[in-house]
Amino acid sequence: MCGIVGYIGKKPAYPILINGLKRLEYRGYDSAGLSILNKGIRIYKCRGKVEDLENYIGSQHVKGSIGIGHTRWATHGEPNDVNAHPHKSMNGHFIIIHNGIIENYSKLKKKLTDHGYNFSSETDTEVLANLIEYIYLQGKVSAEIAVRLALRKVIGAYGLVIICTDEPDKLIAARKGSPLVIGVGDKEYFIASDATPIIEHTKKVIYLNDDDIAVLTRDALQLKSLDSKNLIPVIQTLDLDIGEIDKGNFEHFMLKEIFEQPKSIQDTFRGRISKEKHTISLGGLFEVMPRLITARRIIIIGCGTSWHAGLVGEYLIEEFARIPVEVEYASEFRYRNPVIDKEDIIIVISQSGETADSLAAIQKANEAGALVLGVCNVVGSSIPRETRGGVYTHAGPEIGVASTKAFTAQVTVLTMLAMLLGKKRNYLSDEFYTRFISELQEIPERIEEILAKNDQFKEIAEKYKNVNNFMYLGRGYSFPVALEGALKLKEISYIHAEGYPAAEMKHGPIALIDEKMPVVVIAPKDDSYEKIVSNIQEVKARGGIVIAVVNKGETTISDMADHIIEVPSTNLALMPLLSVIPLQLLSYHIAVMRGCNVDQPRNLAKSVTVE
């Protein structure tokens, strides 16, 4: 959840660290801090955003070519100056930054208190700093050994970068459950929670695995396991461009990412769909395809937006491949005792590839002997490395905390998978398969048509920016879209919003409808069209406001709804890729008009790497 950055080399560390923190701020923005080593060490930290840290440091000339920085999403202790990272051990031998959570911190803290340690913050991180120092002083061991021994006593997740003031030309990094990437330069190294702060300096990176410990000097990197076995670092090349992590001409990353969806969807199916042969090929599933073809059950696991994409996948796979599908919240799946068969296929969906609950669900599924696959956006992240196969979405970096292009890219992958399985299982005719592929290839152009109506969504947003509640309704493929539309609105505008299957409105939610309640109805012309028309009439009969998302040229609902949003017609199975776009833009404009920070909504962080 937090953002970590570190540097050791010959260059001034401060600009590298402060710019790195700005790149990582989407991971947490409750407080920020940094520490730079230069004939002694100083710590600068404060509550607020990285901008507040810059203002706090002001004109102070922060010298030094070794340092660490942190932007925080609070877990232990409220956001304030004292709880901000970095944290220093009581006797000043260790400075530490931490992304993760130490579950047994209370027990460790009591033992350290019994040994005379005092604590100035409420954080679990300060406990870890003091534990390392206690072992270092009592055992009279090196900093590296003290870190290793301390981590053996820790229960929880961590991405750590540590400075020992007695060994000043060295950084120590460690990972378990929380991501860390090391950038390799010319006699310099960069450490970060992800590649976004590194890409402007080097494209050569090393992804740390769980229980890896890296010891870095300016001239060398030594990689070991927690039990001190020497490891050979695997250097990879980033497929990322600096322009992808800039806002460009857009006011916010979220708006940029909404408008990038024609490209991100096209990038996701590029090279996987043959325009000439009308075929689909998913190379990451080639070796496991026989198991997929004969699957008797598929379980899709995700959190938040990824869970909604999984619901669309359920409809797709069951309709076209005729395989039973269950969709599970990762957090529920991992803590109950699910029935998992060795013949089951588990598909885990995650934008970041580092979601803690999803990784724990993978472990549970692997222990049961199921085949686990991943759908992920970040190359080199944990989920692709923990699964037997999978598909990258190729959506590009998503910096806005509220997910947009990741959703449509995930749905695109699940659409291709459903169609491929349906064809291989002989449930789809050649004619339908060919026509559907053509329609999928036309989706980016149709999204461009919707984006061109952005001013219309602004006008609707202006009317309802001050309401307290929204309801979203949909049937079939449109139900997950209703859930996603409601999630986007509540995430970034803080308006209470709920999504329901339209038929369920009469089973309780209809009691909420009055003349102040906007109801967004996703109503493509499908087999349940007459039913959704009836739902709209029921809303209007109770004074509700109807905002309807309909097919272009629709007339029946147009005569009843207060506002009509037209989207191009396509195969019903592809409608979620179109109907979600106006809902994203509606949420965006309402949030902006309410003065909300759409890229960094309160209490949220992009990558949930702790439970």
# chains A, B, ... in the order shown; residues from 1 in each chain; ligands from 1
$ residues_around --residues "range 211-222 of chain A" --least-positions-apart "2" --cutoff "8 Å" --atoms "only C-alpha atoms" --output "list in words"
Ile8, Gly9, Lys10, Glu144, Arg148, Asp169, Lys170, Leu171, Ile172, Ala173, Ala174, Arg175, Lys176, Lys187, Glu188, Tyr189, Leu208, Asn209, Lys224, Ser225, Leu226, Asn230 and Leu231 of chain A
$ residues_around --residues "Glu332 in chain A" --least-positions-apart "4" --cutoff "12 Å" --atoms "only C-alpha atoms" --output "list in words"
Ile301, Gly302, Cys303, Trp307, Val327, Glu328, Arg336, Asn337, Pro338, Asp357, Ser358, Ala360, Ala361, Lys364 and Glu611 of chain A
$ closest_residue --among "A:Arg27, A:Arg291, A:Arg296, A:Arg435" --to "Leu373 in chain A" --atoms "only C-alpha atoms"
A:Arg291
$ select_by_dssp --residues "range 462-492 of chain A" --states "strand (DSSP E or B)" --output "MDAnalysis selection string"
chainID A and resid 469:474
$ write_last_selection --atoms "all heavy atoms" --output "PDB file, in the first residue's frame"
ATOM      1  N   ASN A 469     -27.133  10.082  -2.941  1.00  0.00           N
ATOM      2  CA  ASN A 469     -27.245   8.656  -3.250  1.00  0.00           C
ATOM      3  C   ASN A 469     -27.476   8.446  -4.735  1.00  0.00           C
ATOM      4  O   ASN A 469     -28.137   9.260  -5.395  1.00  0.00           O
ATOM      5  CB  ASN A 469     -28.421   8.025  -2.484  1.00  0.00           C
ATOM      6  CG  ASN A 469     -28.278   8.160  -0.985  1.00  0.00           C
ATOM      7  OD1 ASN A 469     -27.527   7.428  -0.357  1.00  0.00           O
ATOM      8  ND2 ASN A 469     -29.004   9.108  -0.397  1.00  0.00           N
ATOM      9  N   PHE A 470     -26.935   7.351  -5.246  1.00  0.00           N
ATOM     10  CA  PHE A 470     -27.176   6.891  -6.610  1.00  0.00           C
ATOM     11  C   PHE A 470     -27.520   5.411  -6.557  1.00  0.00           C
ATOM     12  O   PHE A 470     -27.042   4.683  -5.675  1.00  0.00           O
ATOM     13  CB  PHE A 470     -25.918   7.048  -7.468  1.00  0.00           C
ATOM     14  CG  PHE A 470     -25.887   8.269  -8.350  1.00  0.00           C
ATOM     15  CD1 PHE A 470     -25.583   9.513  -7.843  1.00  0.00           C
ATOM     16  CD2 PHE A 470     -26.145   8.158  -9.718  1.00  0.00           C
ATOM     17  CE1 PHE A 470     -25.517  10.634  -8.649  1.00  0.00           C
ATOM     18  CE2 PHE A 470     -26.080   9.270 -10.543  1.00  0.00           C
ATOM     19  CZ  PHE A 470     -25.763  10.519 -10.008  1.00  0.00           C
ATOM     20  N   MET A 471     -28.326   4.969  -7.513  1.00  0.00           N
ATOM     21  CA  MET A 471     -28.559   3.540  -7.689  1.00  0.00           C
ATOM     22  C   MET A 471     -28.237   3.172  -9.134  1.00  0.00           C
ATOM     23  O   MET A 471     -28.506   3.952 -10.055  1.00  0.00           O
ATOM     24  CB  MET A 471     -30.018   3.180  -7.367  1.00  0.00           C
ATOM     25  CG  MET A 471     -30.294   1.677  -7.358  1.00  0.00           C
ATOM     26  SD  MET A 471     -32.030   1.274  -6.986  1.00  0.00           S
ATOM     27  CE  MET A 471     -32.145   1.870  -5.299  1.00  0.00           C
ATOM     28  N   TYR A 472     -27.643   1.991  -9.327  1.00  0.00           N
ATOM     29  CA  TYR A 472     -27.306   1.496 -10.658  1.00  0.00           C
ATOM     30  C   TYR A 472     -27.985   0.147 -10.859  1.00  0.00           C
ATOM     31  O   TYR A 472     -27.905  -0.733  -9.988  1.00  0.00           O
ATOM     32  CB  TYR A 472     -25.791   1.322 -10.808  1.00  0.00           C
ATOM     33  CG  TYR A 472     -25.006   2.614 -10.857  1.00  0.00           C
ATOM     34  CD1 TYR A 472     -24.850   3.400  -9.722  1.00  0.00           C
ATOM     35  CD2 TYR A 472     -24.419   3.045 -12.043  1.00  0.00           C
ATOM     36  CE1 TYR A 472     -24.128   4.589  -9.762  1.00  0.00           C
ATOM     37  CE2 TYR A 472     -23.691   4.237 -12.092  1.00  0.00           C
ATOM     38  CZ  TYR A 472     -23.555   5.000 -10.944  1.00  0.00           C
ATOM     39  OH  TYR A 472     -22.839   6.165 -10.985  1.00  0.00           O
ATOM     40  N   LEU A 473     -28.647  -0.017 -12.003  1.00  0.00           N
ATOM     41  CA  LEU A 473     -29.373  -1.252 -12.291  1.00  0.00           C
ATOM     42  C   LEU A 473     -28.949  -1.824 -13.633  1.00  0.00           C
ATOM     43  O   LEU A 473     -28.706  -1.077 -14.591  1.00  0.00           O
ATOM     44  CB  LEU A 473     -30.883  -0.993 -12.324  1.00  0.00           C
ATOM     45  CG  LEU A 473     -31.544  -0.421 -11.063  1.00  0.00           C
ATOM     46  CD1 LEU A 473     -33.017  -0.128 -11.331  1.00  0.00           C
ATOM     47  CD2 LEU A 473     -31.386  -1.377  -9.892  1.00  0.00           C
ATOM     48  N   GLY A 474     -28.874  -3.146 -13.715  1.00  0.00           N
ATOM     49  CA  GLY A 474     -28.579  -3.810 -14.979  1.00  0.00           C
ATOM     50  C   GLY A 474     -28.991  -5.270 -14.907  1.00  0.00           C
ATOM     51  O   GLY A 474     -29.102  -5.848 -13.819  1.00  0.00           O
TER      52      GLY A 474
END
$ residues_around --residues "Leu24 in chain A" --least-positions-apart "4" --cutoff "10 Å" --atoms "only C-alpha atoms" --output "number ranges by chain"
A: 2-5, 18-20, 28-29, 50, 70-72, 192-197, 399, 606
$ residues_around --residues "Thr570 in chain A" --least-positions-apart "3" --cutoff "7 Å" --atoms "only C-alpha atoms" --output "ChimeraX atom specification"
/A:439,574-575
$ closest_residue --among "A:Ile513, A:Ala84, A:Ala150, A:Leu160" --to "Pro179 in chain A" --atoms "only C-alpha atoms"
A:Leu160
$ closest_residue --among "A:Pro524, A:Asp455, A:His589, A:Lys506" --to "Glu538 in chain A" --atoms "only C-alpha atoms"
A:Lys506
$ residues_around --residues "Tyr158 in chain A" --least-positions-apart "5" --cutoff "7 Å" --atoms "only C-alpha atoms" --output "ChimeraX atom specification"
/A:98-101,175-178
$ closest_residue --among "A:Gly543, A:Lys203, A:Glu257, A:Glu530" --to "Lys516 in chain A" --atoms "only C-alpha atoms"
A:Gly543
$ closest_residue --among "A:Leu21, A:Val481, A:Ile280, A:Val339" --to "Gly69 in chain A" --atoms "only C-alpha atoms"
A:Leu21
$ residues_around --residues "Lys110 in chain A" --least-positions-apart "5" --cutoff "12 Å" --atoms "only C-alpha atoms" --output "PDB file with N, CA, C and O atoms, in the first residue's frame"
ATOM      1  N   ASN A 104       2.690  -9.624  14.215  1.00  0.00           N
ATOM      2  CA  ASN A 104       3.032  -9.916  15.619  1.00  0.00           C
ATOM      3  C   ASN A 104       3.813  -8.766  16.266  1.00  0.00           C
ATOM      4  O   ASN A 104       4.599  -8.975  17.179  1.00  0.00           O
ATOM      5  N   TYR A 105       3.571  -7.541  15.784  1.00  0.00           N
ATOM      6  CA  TYR A 105       4.329  -6.391  16.291  1.00  0.00           C
ATOM      7  C   TYR A 105       4.082  -6.162  17.778  1.00  0.00           C
ATOM      8  O   TYR A 105       4.984  -5.755  18.513  1.00  0.00           O
ATOM      9  N   HIS A 115      13.152  -5.048  27.507  1.00  0.00           N
ATOM     10  CA  HIS A 115      14.612  -4.902  27.400  1.00  0.00           C
ATOM     11  C   HIS A 115      15.035  -3.428  27.408  1.00  0.00           C
ATOM     12  O   HIS A 115      16.191  -3.119  27.088  1.00  0.00           O
ATOM     13  N   GLY A 116      14.096  -2.544  27.740  1.00  0.00           N
ATOM     14  CA  GLY A 116      14.457  -1.138  27.920  1.00  0.00           C
ATOM     15  C   GLY A 116      14.220  -0.252  26.722  1.00  0.00           C
ATOM     16  O   GLY A 116      14.617   0.925  26.742  1.00  0.00           O
ATOM     17  N   TYR A 117      13.573  -0.753  25.689  1.00  0.00           N
ATOM     18  CA  TYR A 117      13.334   0.073  24.498  1.00  0.00           C
ATOM     19  C   TYR A 117      12.110   0.954  24.684  1.00  0.00           C
ATOM     20  O   TYR A 117      11.088   0.528  25.235  1.00  0.00           O
ATOM     21  N   ASN A 118      12.236   2.189  24.221  1.00  0.00           N
ATOM     22  CA  ASN A 118      11.126   3.140  24.211  1.00  0.00           C
ATOM     23  C   ASN A 118      10.698   3.388  22.773  1.00  0.00           C
ATOM     24  O   ASN A 118      11.501   3.302  21.834  1.00  0.00           O
ATOM     25  N   PHE A 119       9.430   3.755  22.597  1.00  0.00           N
ATOM     26  CA  PHE A 119       8.889   3.947  21.253  1.00  0.00           C
ATOM     27  C   PHE A 119       8.243   5.323  21.159  1.00  0.00           C
ATOM     28  O   PHE A 119       7.535   5.762  22.071  1.00  0.00           O
ATOM     29  N   ASP A 124       4.092  -0.281  13.550  1.00  0.00           N
ATOM     30  CA  ASP A 124       4.762  -1.583  13.607  1.00  0.00           C
ATOM     31  C   ASP A 124       6.178  -1.488  13.039  1.00  0.00           C
ATOM     32  O   ASP A 124       7.058  -2.266  13.398  1.00  0.00           O
ATOM     33  N   VAL A 127       8.851  -0.827  15.601  1.00  0.00           N
ATOM     34  CA  VAL A 127       9.135  -2.067  16.332  1.00  0.00           C
ATOM     35  C   VAL A 127      10.187  -2.885  15.587  1.00  0.00           C
ATOM     36  O   VAL A 127      11.146  -3.396  16.189  1.00  0.00           O
ATOM     37  N   ASN A 130      13.689  -1.365  15.885  1.00  0.00           N
ATOM     38  CA  ASN A 130      14.291  -1.637  17.192  1.00  0.00           C
ATOM     39  C   ASN A 130      14.657  -3.104  17.373  1.00  0.00           C
ATOM     40  O   ASN A 130      15.646  -3.429  18.042  1.00  0.00           O
ATOM     41  N   LEU A 131      13.866  -3.986  16.770  1.00  0.00           N
ATOM     42  CA  LEU A 131      14.207  -5.411  16.837  1.00  0.00           C
ATOM     43  C   LEU A 131      15.529  -5.676  16.129  1.00  0.00           C
ATOM     44  O   LEU A 131      16.397  -6.409  16.642  1.00  0.00           O
TER      45      LEU A 131
END
$ residues_around --residues "Glu498 in chain A" --least-positions-apart "6" --cutoff "12 Å" --atoms "only C-alpha atoms" --output "list in words"
Asn468, Asn469, Phe470, Met471, Tyr472, Leu473, Gly474, Phe479, Pro480, Val481, Ala482, Leu483, Glu484, Gly485, Ala486, Leu487, Lys488, Leu489, Lys490, Glu491, Met505, Pro509, Ile510, Leu512, Met517, Pro518, Val519, Val520 and Val521 of chain A
$ write_last_selection --atoms "N, CA and C atoms" --output "CSV table (one decimal), in the first residue's frame"
chain,number,residue,atom,x,y,z
A,468,ASN,N,-26.9,12.8,-2.7
A,468,ASN,CA,-26.3,12.0,-1.7
A,468,ASN,C,-26.3,10.5,-2.0
A,469,ASN,N,-27.1,10.1,-2.9
A,469,ASN,CA,-27.2,8.7,-3.2
A,469,ASN,C,-27.5,8.4,-4.7
A,470,PHE,N,-26.9,7.4,-5.2
A,470,PHE,CA,-27.2,6.9,-6.6
A,470,PHE,C,-27.5,5.4,-6.6
A,471,MET,N,-28.3,5.0,-7.5
A,471,MET,CA,-28.6,3.5,-7.7
A,471,MET,C,-28.2,3.2,-9.1
A,472,TYR,N,-27.6,2.0,-9.3
A,472,TYR,CA,-27.3,1.5,-10.7
A,472,TYR,C,-28.0,0.1,-10.9
A,473,LEU,N,-28.6,0.0,-12.0
A,473,LEU,CA,-29.4,-1.3,-12.3
A,473,LEU,C,-28.9,-1.8,-13.6
A,474,GLY,N,-28.9,-3.1,-13.7
A,474,GLY,CA,-28.6,-3.8,-15.0
A,474,GLY,C,-29.0,-5.3,-14.9
A,479,PHE,N,-25.4,-6.3,-15.4
A,479,PHE,CA,-25.3,-6.2,-13.9
A,479,PHE,C,-23.9,-6.0,-13.4
A,480,PRO,N,-22.9,-6.7,-13.8
A,480,PRO,CA,-21.5,-6.3,-13.3
A,480,PRO,C,-21.1,-4.9,-13.7
A,481,VAL,N,-21.6,-4.4,-14.8
A,481,VAL,CA,-21.3,-3.0,-15.2
A,481,VAL,C,-22.0,-2.0,-14.2
A,482,ALA,N,-23.2,-2.4,-13.7
A,482,ALA,CA,-23.9,-1.6,-12.7
A,482,ALA,C,-23.1,-1.5,-11.4
A,483,LEU,N,-22.5,-2.7,-11.0
A,483,LEU,CA,-21.7,-2.7,-9.8
A,483,LEU,C,-20.4,-1.9,-10.0
A,484,GLU,N,-19.8,-2.0,-11.2
A,484,GLU,CA,-18.6,-1.2,-11.4
A,484,GLU,C,-18.9,0.3,-11.5
A,485,GLY,N,-20.0,0.7,-12.1
A,485,GLY,CA,-20.4,2.1,-12.2
A,485,GLY,C,-20.6,2.6,-10.8
A,486,ALA,N,-21.3,1.9,-9.9
A,486,ALA,CA,-21.5,2.3,-8.5
A,486,ALA,C,-20.2,2.4,-7.8
A,487,LEU,N,-19.3,1.5,-8.0
A,487,LEU,CA,-18.0,1.5,-7.3
A,487,LEU,C,-17.2,2.7,-7.7
A,488,LYS,N,-17.2,3.0,-9.0
A,488,LYS,CA,-16.4,4.2,-9.4
A,488,LYS,C,-16.9,5.5,-8.8
A,489,LEU,N,-18.2,5.6,-8.7
A,489,LEU,CA,-18.8,6.9,-8.1
A,489,LEU,C,-18.5,7.0,-6.7
A,490,LYS,N,-18.6,5.9,-5.9
A,490,LYS,CA,-18.4,6.0,-4.5
A,490,LYS,C,-16.9,6.2,-4.2
A,491,GLU,N,-16.0,5.6,-5.0
A,491,GLU,CA,-14.6,5.6,-4.8
A,491,GLU,C,-14.1,7.1,-4.9
A,505,MET,N,-34.6,-5.0,-7.7
A,505,MET,CA,-35.0,-3.7,-7.1
A,505,MET,C,-36.3,-3.8,-6.3
A,509,PRO,N,-34.5,-2.6,-2.5
A,509,PRO,CA,-34.0,-1.3,-2.9
A,509,PRO,C,-35.0,-0.3,-3.4
A,510,ILE,N,-36.1,-0.7,-3.9
A,510,ILE,CA,-37.1,0.2,-4.4
A,510,ILE,C,-37.6,1.2,-3.3
A,512,LEU,N,-35.8,2.9,-1.4
A,512,LEU,CA,-35.0,4.0,-1.4
A,512,LEU,C,-35.3,5.1,-2.4
A,517,MET,N,-33.5,10.7,-6.0
A,517,MET,CA,-32.6,9.5,-6.2
A,517,MET,C,-32.4,9.3,-7.7
A,518,PRO,N,-31.2,9.6,-8.3
A,518,PRO,CA,-30.8,9.3,-9.6
A,518,PRO,C,-30.6,7.8,-9.7
A,519,VAL,N,-31.2,7.1,-10.7
A,519,VAL,CA,-31.1,5.7,-11.0
A,519,VAL,C,-30.5,5.5,-12.4
A,520,VAL,N,-29.3,5.0,-12.4
A,520,VAL,CA,-28.6,4.7,-13.7
A,520,VAL,C,-29.0,3.3,-14.1
A,521,VAL,N,-29.6,3.2,-15.3
A,521,VAL,CA,-30.1,2.0,-15.8
A,521,VAL,C,-29.3,1.6,-17.1
$ select_by_dssp --residues "range 144-377 of chain A" --states "alpha helix (DSSP H)" --output "ChimeraX atom specification"
/A:144-152,253-259,261-269,289-293,305-320,330-335,356-367
$ closest_residue --among "A:Val546, A:Ala502, A:Ile447, A:Ile495" --to "Pro576 in chain A" --atoms "only C-alpha atoms"
A:Ile447
$ atom_distance --atom1 "CA of Ile245 in chain A" --atom2 "CA of Leu311 in chain A"
29.3 Å
$ atom_distance --atom1 "CA of Val348 in chain A" --atom2 "CA of Gly374 in chain A"
4.8 Å
